[in-house]
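Visitor: Shown below is the structure under consideration.
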Amino acid sequence: MIEKLNDVEQAQSLHSAYEKLTKEISQVIIGQEEAIQLLLTAIFCQGHCLLVGVPGLAKTLLINTIASSLDLKFKRIQFTPDLMPSDILGSETLDQNRQFQFIKGPIFSNIILADEINRTPPKTQAALLEAMQEYSVTVAGQHHNLEKPFFVLATQNPIEQEGTYPLPEAQLDRFMFNLRIKYPSYQSEVDIVRSTTGTDKKTVKPILTATEIIAYQNLVRKVPVTDNVIEYAVKLVHLSRPGEPMAADVAKKYLEWGAGPRASQNLIMAAKCHALLNGKYSPDIEDVQHVAIPVLRHRLIKNFKAEAEGVEIETIINTLMSL
């Protein structure tokens, strides 16, 4: 039982479990090592993930495969323009005794795949806000707690704008990471085509249970962090805020809005987990830098000058990290 292990033994156990998970997932998912690592990092940090990529890059398959490697309840919600909040949260109906009975929606699961989340109107997108932050939902004035662990893993198509609704900044801020799923390399694509066009179908077996995941989440919170690492993460966020005293020149020039305090928290949590997954017991500045782009990418709002000059948000973040 993992609860009987001390912190060092739990850290070693997490590192071992991570290696088993990546090996199991890589049987199905080829060439997305960084995305796999960051998705698992978010899960061990109690975070949510937004995956952005063009169609056909196996975003949904990646989330399905990770869900299969964890012994958790999994629900997929296909977001469409006519989806209503009650289709996600559930609703109250009259039973045979003419009493109101709450029928739970798909949100009452451990892993939620919000497929093409930007295809539904803001009213329905907002149905996820309380669940993602408070791990509970309120329906007809009644408060319902969600079972832990709970994660929202959402996908979004960046090129089809017709019939889509941009996610509000408040919703984006609740995602720990914004992952850009890129085209596979030539050799990876050769391997993908070879493995998916035959009769052999790969399956994934569960590696971790809900109890083990919660124990690892608690372990990540216990990881000690030195003051200089915390100060570096907070300074990085402050540099991104135009109009603030510590704002960097690149932020004043190219950013409309910088990142909020949730970014600082997520930088440290993700750095803690990144250190553990790589066999270290405490994060350093390099761990913060490794997770900075997916943490900050969706929290920095470019201004018109940046859009006009075609300045990428990743370029701005890299400049901030070099200061």
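In the structure tokens, chains take the letters A, B, ... in the order shown, each chain's residues start at 1, and ligands count up from 1 in the order shown.
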At a cut-off of 7 Å, can you tabulate as CSV every residue of segment 179-291 of chain A near segment 299-304 of chain A together with its closest atom pair and the distance in Å to one decimal, using only C-alpha atoms and ordering rows by chain then number?
Guide:
residue,atom,partner,partner_atom,distance
A:Tyr254,CA,A:Asn303,CA,5.6
A:Leu255,CA,A:Lys302,CA,4.4
A:Glu256,CA,A:Asn303,CA,4.8
A:Trp257,CA,A:Ile301,CA,5.1
A:Gly258,CA,A:Leu300,CA,4.9
A:Ala259,CA,A:Arg299,CA,5.1
Visitor: Let me see the file: selected residues, C-alpha atoms, as an mmCIF file, in the first residue's frame.
Guide:
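Result written to result10.cif:
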data_model
loop_
_atom_site.group_PDB
_atom_site.id
_atom_site.type_symbol
_atom_site.label_atom_id
_atom_site.label_comp_id
_atom_site.auth_asym_id
_atom_site.auth_seq_id
_atom_site.Cartn_x
_atom_site.Cartn_y
_atom_site.Cartn_z
ATOM 1 C CA TYR A 254 3.800 43.417 -27.206
ATOM 2 C CA LEU A 255 1.352 42.471 -24.417
ATOM 3 C CA GLU A 256 -2.102 43.771 -23.586
ATOM 4 C CA TRP A 257 -2.401 41.686 -20.403
ATOM 5 C CA GLY A 258 0.026 39.602 -18.386
ATOM 6 C CA ALA A 259 -0.434 36.475 -16.300
#
Visitor: Which residues are close to Gly279 of chain A, i.e. within 9 Å by only C-alpha atoms, leaving aside same-chain residues fewer than 2 positions away? Reply as a list in words.
Guide: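 Close residues of Gly279 of chain A: Ala11, Gln12, Leu14, His15, His274, Ala275, Leu276, Leu277 and Tyr281 of chain A.
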Visitor: Could you pull the residues within 10 Å of segment 111-118 of chain A, counting only C-alpha atoms, minus those fewer than 4 positions along the same chain, as a PDB file with N, CA and C atoms, in the first residue's frame?
Guide:
ATOM      1  N   ILE A  43      -2.059  15.882 -14.257  1.00  0.00           N
ATOM      2  CA  ILE A  43      -2.871  14.957 -13.460  1.00  0.00           C
ATOM      3  C   ILE A  43      -2.310  14.818 -12.052  1.00  0.00           C
ATOM      4  N   HIS A  48      -5.814  20.877 -14.929  1.00  0.00           N
ATOM      5  CA  HIS A  48      -6.566  20.585 -16.144  1.00  0.00           C
ATOM      6  C   HIS A  48      -5.734  20.989 -17.352  1.00  0.00           C
ATOM      7  N   CYS A  49      -5.999  20.367 -18.497  1.00  0.00           N
ATOM      8  CA  CYS A  49      -5.197  20.602 -19.698  1.00  0.00           C
ATOM      9  C   CYS A  49      -6.067  20.949 -20.890  1.00  0.00           C
ATOM     10  N   LEU A  50      -5.563  21.876 -21.707  1.00  0.00           N
ATOM     11  CA  LEU A  50      -6.181  22.206 -22.992  1.00  0.00           C
ATOM     12  C   LEU A  50      -5.207  21.809 -24.091  1.00  0.00           C
ATOM     13  N   LEU A  51      -5.646  20.927 -24.984  1.00  0.00           N
ATOM     14  CA  LEU A  51      -4.816  20.472 -26.096  1.00  0.00           C
ATOM     15  C   LEU A  51      -5.283  21.156 -27.373  1.00  0.00           C
ATOM     16  N   VAL A  52      -4.376  21.874 -28.015  1.00  0.00           N
ATOM     17  CA  VAL A  52      -4.702  22.614 -29.235  1.00  0.00           C
ATOM     18  C   VAL A  52      -3.889  22.032 -30.386  1.00  0.00           C
ATOM     19  N   LYS A  59      -5.322  13.923 -30.789  1.00  0.00           N
ATOM     20  CA  LYS A  59      -5.555  14.567 -29.485  1.00  0.00           C
ATOM     21  C   LYS A  59      -6.538  13.747 -28.660  1.00  0.00           C
ATOM     22  N   THR A  60      -7.656  13.374 -29.271  1.00  0.00           N
ATOM     23  CA  THR A  60      -8.672  12.583 -28.559  1.00  0.00           C
ATOM     24  C   THR A  60      -8.132  11.207 -28.205  1.00  0.00           C
ATOM     25  N   ILE A  63      -5.844  11.401 -25.112  1.00  0.00           N
ATOM     26  CA  ILE A  63      -6.573  11.492 -23.839  1.00  0.00           C
ATOM     27  C   ILE A  63      -7.247  10.162 -23.512  1.00  0.00           C
ATOM     28  N   ASN A  64      -7.832   9.525 -24.509  1.00  0.00           N
ATOM     29  CA  ASN A  64      -8.446   8.205 -24.298  1.00  0.00           C
ATOM     30  C   ASN A  64      -7.432   7.194 -23.782  1.00  0.00           C
ATOM     31  N   ILE A  66      -4.514   7.780 -22.199  1.00  0.00           N
ATOM     32  CA  ILE A  66      -4.097   8.097 -20.829  1.00  0.00           C
ATOM     33  C   ILE A  66      -5.182   7.679 -19.838  1.00  0.00           C
ATOM     34  N   ALA A  67      -6.448   7.916 -20.206  1.00  0.00           N
ATOM     35  CA  ALA A  67      -7.556   7.495 -19.330  1.00  0.00           C
ATOM     36  C   ALA A  67      -7.552   5.983 -19.146  1.00  0.00           C
ATOM     37  N   LEU A  70      -5.110   4.693 -16.548  1.00  0.00           N
ATOM     38  CA  LEU A  70      -5.466   5.005 -15.165  1.00  0.00           C
ATOM     39  C   LEU A  70      -6.802   4.339 -14.853  1.00  0.00           C
ATOM     40  N   LEU A  72      -9.655   4.769 -13.682  1.00  0.00           N
ATOM     41  CA  LEU A  72     -10.582   5.818 -13.272  1.00  0.00           C
ATOM     42  C   LEU A  72     -11.818   5.802 -14.163  1.00  0.00           C
ATOM     43  N   LYS A  73     -12.893   6.435 -13.671  1.00  0.00           N
ATOM     44  CA  LYS A  73     -14.100   6.594 -14.493  1.00  0.00           C
ATOM     45  C   LYS A  73     -13.857   7.691 -15.520  1.00  0.00           C
ATOM     46  N   PHE A  74     -14.222   7.415 -16.755  1.00  0.00           N
ATOM     47  CA  PHE A  74     -13.914   8.314 -17.864  1.00  0.00           C
ATOM     48  C   PHE A  74     -15.179   8.604 -18.661  1.00  0.00           C
ATOM     49  N   LYS A  75     -15.413   9.895 -18.974  1.00  0.00           N
ATOM     50  CA  LYS A  75     -16.563  10.286 -19.794  1.00  0.00           C
ATOM     51  C   LYS A  75     -16.090  11.253 -20.878  1.00  0.00           C
ATOM     52  N   ARG A  76     -16.621  11.067 -22.068  1.00  0.00           N
ATOM     53  CA  ARG A  76     -16.320  11.961 -23.189  1.00  0.00           C
ATOM     54  C   ARG A  76     -17.558  12.787 -23.497  1.00  0.00           C
ATOM     55  N   ILE A  77     -17.388  14.109 -23.569  1.00  0.00           N
ATOM     56  CA  ILE A  77     -18.482  15.014 -23.916  1.00  0.00           C
ATOM     57  C   ILE A  77     -18.123  15.682 -25.237  1.00  0.00           C
ATOM     58  N   GLN A  78     -18.929  15.453 -26.260  1.00  0.00           N
ATOM     59  CA  GLN A  78     -18.709  16.108 -27.547  1.00  0.00           C
ATOM     60  C   GLN A  78     -19.405  17.470 -27.510  1.00  0.00           C
ATOM     61  N   PHE A  79     -18.621  18.532 -27.514  1.00  0.00           N
ATOM     62  CA  PHE A  79     -19.191  19.873 -27.421  1.00  0.00           C
ATOM     63  C   PHE A  79     -19.705  20.312 -28.798  1.00  0.00           C
ATOM     64  N   THR A  80     -20.973  20.712 -28.829  1.00  0.00           N
ATOM     65  CA  THR A  80     -21.632  21.136 -30.059  1.00  0.00           C
ATOM     66  C   THR A  80     -22.382  22.441 -29.782  1.00  0.00           C
ATOM     67  N   PRO A  81     -22.774  23.190 -30.836  1.00  0.00           N
ATOM     68  CA  PRO A  81     -23.468  24.470 -30.617  1.00  0.00           C
ATOM     69  C   PRO A  81     -24.778  24.353 -29.837  1.00  0.00           C
ATOM     70  N   ILE A  88     -24.320  18.630 -19.391  1.00  0.00           N
ATOM     71  CA  ILE A  88     -23.023  18.380 -18.761  1.00  0.00           C
ATOM     72  C   ILE A  88     -23.187  18.095 -17.270  1.00  0.00           C
ATOM     73  N   PRO A 106     -22.644  13.800 -17.164  1.00  0.00           N
ATOM     74  CA  PRO A 106     -21.325  13.177 -17.379  1.00  0.00           C
ATOM     75  C   PRO A 106     -20.192  13.843 -16.617  1.00  0.00           C
ATOM     76  N   ILE A 107     -20.428  15.059 -16.064  1.00  0.00           N
ATOM     77  CA  ILE A 107     -19.376  15.721 -15.291  1.00  0.00           C
ATOM     78  C   ILE A 107     -19.010  14.903 -14.048  1.00  0.00           C
ATOM     79  N   PRO A 122     -20.617  30.274 -24.897  1.00  0.00           N
ATOM     80  CA  PRO A 122     -20.049  30.588 -23.572  1.00  0.00           C
ATOM     81  C   PRO A 122     -20.916  30.139 -22.402  1.00  0.00           C
ATOM     82  N   THR A 124     -22.640  27.443 -22.064  1.00  0.00           N
ATOM     83  CA  THR A 124     -22.368  26.028 -21.769  1.00  0.00           C
ATOM     84  C   THR A 124     -20.922  25.847 -21.331  1.00  0.00           C
ATOM     85  N   GLN A 125     -19.983  26.583 -21.933  1.00  0.00           N
ATOM     86  CA  GLN A 125     -18.588  26.526 -21.474  1.00  0.00           C
ATOM     87  C   GLN A 125     -18.494  26.874 -19.995  1.00  0.00           C
ATOM     88  N   LEU A 128     -18.548  24.510 -16.830  1.00  0.00           N
ATOM     89  CA  LEU A 128     -17.367  23.812 -16.321  1.00  0.00           C
ATOM     90  C   LEU A 128     -16.593  24.621 -15.280  1.00  0.00           C
ATOM     91  N   LYS A 148     -13.132  12.773  -6.381  1.00  0.00           N
ATOM     92  CA  LYS A 148     -11.719  13.004  -6.719  1.00  0.00           C
ATOM     93  C   LYS A 148     -11.012  11.663  -6.940  1.00  0.00           C
ATOM     94  N   PRO A 149      -9.980  11.649  -7.786  1.00  0.00           N
ATOM     95  CA  PRO A 149      -9.428  12.761  -8.561  1.00  0.00           C
ATOM     96  C   PRO A 149     -10.350  13.168  -9.700  1.00  0.00           C
ATOM     97  N   PHE A 150     -10.248  14.450 -10.087  1.00  0.00           N
ATOM     98  CA  PHE A 150     -11.104  14.992 -11.147  1.00  0.00           C
ATOM     99  C   PHE A 150     -10.259  15.848 -12.079  1.00  0.00           C
ATOM    100  N   PHE A 151     -10.330  15.566 -13.374  1.00  0.00           N
ATOM    101  CA  PHE A 151      -9.569  16.329 -14.368  1.00  0.00           C
ATOM    102  C   PHE A 151     -10.442  16.627 -15.569  1.00  0.00           C
ATOM    103  N   VAL A 152     -10.278  17.828 -16.110  1.00  0.00           N
ATOM    104  CA  VAL A 152     -10.874  18.166 -17.399  1.00  0.00           C
ATOM    105  C   VAL A 152      -9.742  18.258 -18.412  1.00  0.00           C
ATOM    106  N   LEU A 153      -9.802  17.421 -19.419  1.00  0.00           N
ATOM    107  CA  LEU A 153      -8.825  17.435 -20.511  1.00  0.00           C
ATOM    108  C   LEU A 153      -9.594  17.809 -21.771  1.00  0.00           C
ATOM    109  N   ALA A 154      -9.340  19.011 -22.284  1.00  0.00           N
ATOM    110  CA  ALA A 154     -10.134  19.552 -23.388  1.00  0.00           C
ATOM    111  C   ALA A 154      -9.305  19.629 -24.663  1.00  0.00           C
ATOM    112  N   THR A 155      -9.982  19.459 -25.808  1.00  0.00           N
ATOM    113  CA  THR A 155      -9.315  19.629 -27.096  1.00  0.00           C
ATOM    114  C   THR A 155      -9.919  20.822 -27.816  1.00  0.00           C
ATOM    115  N   GLN A 156      -9.107  21.427 -28.685  1.00  0.00           N
ATOM    116  CA  GLN A 156      -9.552  22.598 -29.433  1.00  0.00           C
ATOM    117  C   GLN A 156      -8.847  22.616 -30.775  1.00  0.00           C
ATOM    118  N   ASN A 157      -9.596  22.953 -31.816  1.00  0.00           N
ATOM    119  CA  ASN A 157      -9.059  23.046 -33.170  1.00  0.00           C
ATOM    120  C   ASN A 157      -8.708  24.508 -33.448  1.00  0.00           C
ATOM    121  N   PRO A 158      -7.436  24.824 -33.766  1.00  0.00           N
ATOM    122  CA  PRO A 158      -7.040  26.231 -33.903  1.00  0.00           C
ATOM    123  C   PRO A 158      -7.335  26.852 -35.261  1.00  0.00           C
ATOM    124  N   GLN A 161     -12.540  28.434 -37.616  1.00  0.00           N
ATOM    125  CA  GLN A 161     -13.134  29.502 -36.823  1.00  0.00           C
ATOM    126  C   GLN A 161     -14.649  29.586 -36.991  1.00  0.00           C
ATOM    127  N   GLY A 163     -18.316  28.747 -36.680  1.00  0.00           N
ATOM    128  CA  GLY A 163     -19.083  27.918 -35.753  1.00  0.00           C
ATOM    129  C   GLY A 163     -18.362  27.635 -34.445  1.00  0.00           C
ATOM    130  N   THR A 164     -17.346  28.443 -34.119  1.00  0.00           N
ATOM    131  CA  THR A 164     -16.637  28.249 -32.855  1.00  0.00           C
ATOM    132  C   THR A 164     -16.785  29.494 -31.984  1.00  0.00           C
ATOM    133  N   TYR A 165     -16.560  29.314 -30.677  1.00  0.00           N
ATOM    134  CA  TYR A 165     -16.691  30.394 -29.698  1.00  0.00           C
ATOM    135  C   TYR A 165     -15.405  30.436 -28.875  1.00  0.00           C
ATOM    136  N   PRO A 166     -14.607  31.498 -28.993  1.00  0.00           N
ATOM    137  CA  PRO A 166     -13.348  31.569 -28.233  1.00  0.00           C
ATOM    138  C   PRO A 166     -13.598  31.394 -26.739  1.00  0.00           C
ATOM    139  N   LEU A 167     -12.710  30.673 -26.078  1.00  0.00           N
ATOM    140  CA  LEU A 167     -12.853  30.474 -24.638  1.00  0.00           C
ATOM    141  C   LEU A 167     -12.575  31.777 -23.894  1.00  0.00           C
ATOM    142  N   PRO A 168     -13.433  32.158 -22.926  1.00  0.00           N
ATOM    143  CA  PRO A 168     -13.181  33.368 -22.132  1.00  0.00           C
ATOM    144  C   PRO A 168     -11.881  33.222 -21.336  1.00  0.00           C
TER     145      PRO A 168
END
Visitor: DSSP on the backbone: what in segment 34-167 of chain A comes out helix (DSSP H, G or I), as a ChimeraX atom specification?
Guide: /A:34-44,59-69,85-89,117-119,122-134
Visitor: How about saving the chosen residues, C-alpha atoms kept, as a tab-separated table (two decimals), in the first residue's frame?
Guide:
chain	number	residue	atom	x	y	z
A	34	GLU	CA	6.41	15.95	-24.31
A	35	ALA	CA	2.61	16.07	-24.49
A	36	ILE	CA	2.38	12.77	-22.57
A	37	GLN	CA	4.75	14.07	-19.89
A	38	LEU	CA	2.86	17.34	-19.46
A	39	LEU	CA	-0.55	15.65	-19.38
A	40	LEU	CA	0.64	13.29	-16.63
A	41	THR	CA	2.24	16.24	-14.82
A	42	ALA	CA	-1.11	18.05	-14.81
A	43	ILE	CA	-2.87	14.96	-13.46
A	44	PHE	CA	-0.38	14.58	-10.59
A	59	LYS	CA	-5.56	14.57	-29.48
A	60	THR	CA	-8.67	12.58	-28.56
A	61	LEU	CA	-6.82	9.27	-28.85
A	62	LEU	CA	-4.07	10.60	-26.57
A	63	ILE	CA	-6.57	11.49	-23.84
A	64	ASN	CA	-8.45	8.21	-24.30
A	65	THR	CA	-5.19	6.26	-23.98
A	66	ILE	CA	-4.10	8.10	-20.83
A	67	ALA	CA	-7.56	7.50	-19.33
A	68	SER	CA	-7.21	3.78	-20.12
A	69	SER	CA	-3.82	3.67	-18.34
A	85	PRO	CA	-25.37	23.18	-19.33
A	86	SER	CA	-27.79	20.48	-18.10
A	87	ASP	CA	-26.31	18.08	-20.68
A	88	ILE	CA	-23.02	18.38	-18.76
A	89	LEU	CA	-24.07	18.88	-15.14
A	117	ILE	CA	-14.66	22.66	-26.29
A	118	ASN	CA	-14.76	25.85	-28.38
A	119	ARG	CA	-17.71	24.60	-30.47
A	122	PRO	CA	-20.05	30.59	-23.57
A	123	LYS	CA	-23.14	29.75	-21.47
A	124	THR	CA	-22.37	26.03	-21.77
A	125	GLN	CA	-18.59	26.53	-21.47
A	126	ALA	CA	-19.25	28.32	-18.18
A	127	ALA	CA	-20.89	25.17	-16.81
A	128	LEU	CA	-17.37	23.81	-16.32
A	129	LEU	CA	-16.04	26.79	-14.35
A	130	GLU	CA	-17.20	25.76	-10.87
A	131	ALA	CA	-16.31	22.11	-11.49
A	132	MET	CA	-12.75	22.96	-12.58
A	133	GLN	CA	-12.05	25.30	-9.67
A	134	GLU	CA	-14.16	24.05	-6.75
Visitor: Using only C-alpha atoms, which of the listed residues (A:Arg241, A:Lys272, A:Arg194, A:Lys4) sits closest to Val225 of chain A?
Guide: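 Distance minimum relative to Val225 of chain A lands on A:Lys272.
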Visitor: Going by DSSP on the backbone, which residues of segment 132-233 of chain A come out as strand (DSSP E)? List them as a PyMOL selection string.
Guide: chain A and resi 136-139+142-145+151-156+177-180+208-209
Visitor: With only C-alpha atoms as the basis for distance, which of A:Val311, A:Tyr232, A:Gly260, A:Leu208 is at the shortest distance from Ser16 of chain A?
Guide: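 Closest candidate: A:Leu208.
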Visitor: Taking 4 positions as the minimum chain separation for residues in the same chain, which residues sit within 10 Å of Asn145 of chain A when counting only C-alpha atoms? Answer as a list in words.
Guide: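 Here the answer would be Phe108, Ala131, Glu134, Tyr135, Ser136, Val137 and Thr138 of chain A.
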Visitor: Any chance you could export the current selection's C-alpha atoms as a short mmCIF file (atom, residue, chain, number, x, y, z; two decimals), in the first residue's frame?
Guide:
data_model
loop_
_atom_site.label_atom_id
_atom_site.label_comp_id
_atom_site.auth_asym_id
_atom_site.auth_seq_id
_atom_site.Cartn_x
_atom_site.Cartn_y
_atom_site.Cartn_z
CA PHE A 108 -19.68 13.21 -12.42
CA ALA A 131 -16.31 22.11 -11.49
CA GLU A 134 -14.16 24.05 -6.75
CA TYR A 135 -14.54 20.35 -7.70
CA SER A 136 -18.28 20.71 -7.22
CA VAL A 137 -21.37 21.77 -9.17
CA THR A 138 -24.53 23.65 -8.21
#
Visitor: Pick from A:His238, A:Lys222, A:Lys201, A:Arg180: nearest to Glu314 of chain A, with only C-alpha atoms counted?
Guide: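 Using only C-alpha atoms, the shortest distance to Glu314 of chain A belongs to A:Arg180.
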Visitor: With distances taken over only C-alpha atoms, which of A:Tyr183, A:Asp71, A:Thr226, A:Ile192 is nearest to Ser26 of chain A?
Guide: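 Of A:Tyr183, A:Asp71, A:Thr226, A:Ile192, the one nearest Ser26 of chain A is A:Ile192, counting only C-alpha atoms.
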Visitor: Choose the residue, out of A:Ile30, A:Glu189, A:Asn266, A:Leu320, that has the smallest atom-to-atom separation from Arg221 of chain A; count only C-alpha atoms.
Guide: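 Smallest distance to Arg221 of chain A is found for A:Asn266.
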Visitor: Could you give me, as a list of chain:residue names, the residues within 12 Å of Phe102 of chain A, counting only C-alpha atoms and dropping anything in the same chain fewer than 4 positions from it?
Guide: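 Residues meeting the cut-off are A:Ser86, A:Leu89, A:Gly90, A:Ser91, A:Glu92, A:Thr93, A:Leu94, A:Asp95, A:Thr138, A:Val139, A:Ala140, A:Gly141, A:Gln142, A:His143, A:His144.
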Visitor: Using only C-alpha atoms, find the one residue out of A:Asn110, A:Ile2, A:Cys273, A:Ser322 that sits nearest to Gln217 of chain A.
Guide: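 Closest to Gln217 of chain A of all the choices is A:Cys273.
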Visitor: For Thr196 of chain A, list every protein, DNA or RNA residue within 12 Å, evaluated using only C-alpha atoms, and leave out those in the same chain fewer than 3 positions away; present the list as a ChimeraX atom specification.
Guide: /A:27-30,58,189-193,199-202
Visitor: Convert the current residue selection to file output with N, CA and C atoms, as a PDB file, in the first residue's frame.
Guide:
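Saved result, out.pdb, follows:
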ATOM      1  N   GLN A  27       2.826   2.645 -26.483  1.00  0.00           N
ATOM      2  CA  GLN A  27       2.430   1.540 -27.367  1.00  0.00           C
ATOM      3  C   GLN A  27       1.381   1.998 -28.378  1.00  0.00           C
ATOM      4  N   VAL A  28       0.563   2.970 -27.968  1.00  0.00           N
ATOM      5  CA  VAL A  28      -0.516   3.464 -28.822  1.00  0.00           C
ATOM      6  C   VAL A  28      -0.174   4.826 -29.426  1.00  0.00           C
ATOM      7  N   ILE A  29       0.403   5.717 -28.598  1.00  0.00           N
ATOM      8  CA  ILE A  29       0.714   7.080 -29.033  1.00  0.00           C
ATOM      9  C   ILE A  29       2.190   7.155 -29.410  1.00  0.00           C
ATOM     10  N   ILE A  30       2.459   7.508 -30.656  1.00  0.00           N
ATOM     11  CA  ILE A  30       3.831   7.542 -31.159  1.00  0.00           C
ATOM     12  C   ILE A  30       4.275   8.984 -31.357  1.00  0.00           C
ATOM     13  N   ALA A  58      -4.353  13.046 -33.285  1.00  0.00           N
ATOM     14  CA  ALA A  58      -4.598  12.064 -32.207  1.00  0.00           C
ATOM     15  C   ALA A  58      -4.753  12.706 -30.837  1.00  0.00           C
ATOM     16  N   GLU A 189       5.741   9.592 -38.209  1.00  0.00           N
ATOM     17  CA  GLU A 189       4.564   9.402 -39.049  1.00  0.00           C
ATOM     18  C   GLU A 189       4.628   8.069 -39.797  1.00  0.00           C
ATOM     19  N   VAL A 190       5.849   7.674 -40.212  1.00  0.00           N
ATOM     20  CA  VAL A 190       6.019   6.350 -40.825  1.00  0.00           C
ATOM     21  C   VAL A 190       5.585   5.273 -39.843  1.00  0.00           C
ATOM     22  N   ASP A 191       6.019   5.400 -38.571  1.00  0.00           N
ATOM     23  CA  ASP A 191       5.656   4.410 -37.540  1.00  0.00           C
ATOM     24  C   ASP A 191       4.154   4.433 -37.260  1.00  0.00           C
ATOM     25  N   ILE A 192       3.553   5.630 -37.268  1.00  0.00           N
ATOM     26  CA  ILE A 192       2.109   5.742 -37.026  1.00  0.00           C
ATOM     27  C   ILE A 192       1.328   5.030 -38.115  1.00  0.00           C
ATOM     28  N   VAL A 193       1.693   5.294 -39.366  1.00  0.00           N
ATOM     29  CA  VAL A 193       0.987   4.672 -40.493  1.00  0.00           C
ATOM     30  C   VAL A 193       1.163   3.159 -40.459  1.00  0.00           C
ATOM     31  N   THR A 199      -3.873  -5.031 -39.018  1.00  0.00           N
ATOM     32  CA  THR A 199      -4.920  -5.685 -38.218  1.00  0.00           C
ATOM     33  C   THR A 199      -4.601  -5.683 -36.729  1.00  0.00           C
ATOM     34  N   ASP A 200      -3.346  -5.412 -36.384  1.00  0.00           N
ATOM     35  CA  ASP A 200      -2.922  -5.467 -34.981  1.00  0.00           C
ATOM     36  C   ASP A 200      -3.435  -4.232 -34.241  1.00  0.00           C
ATOM     37  N   LYS A 201      -4.226  -4.445 -33.187  1.00  0.00           N
ATOM     38  CA  LYS A 201      -4.782  -3.335 -32.403  1.00  0.00           C
ATOM     39  C   LYS A 201      -4.160  -3.338 -31.013  1.00  0.00           C
ATOM     40  N   LYS A 202      -3.472  -2.245 -30.667  1.00  0.00           N
ATOM     41  CA  LYS A 202      -2.808  -2.133 -29.376  1.00  0.00           C
ATOM     42  C   LYS A 202      -3.817  -1.764 -28.287  1.00  0.00           C
TER      43      LYS A 202
END
Visitor: In Å, how far is it from atom CA of Ile207 of chain A to atom CA of Pro294 of chain A?
Guide: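 Interatomic distance, atom CA of Ile207 of chain A to atom CA of Pro294 of chain A: 25.8 Å.
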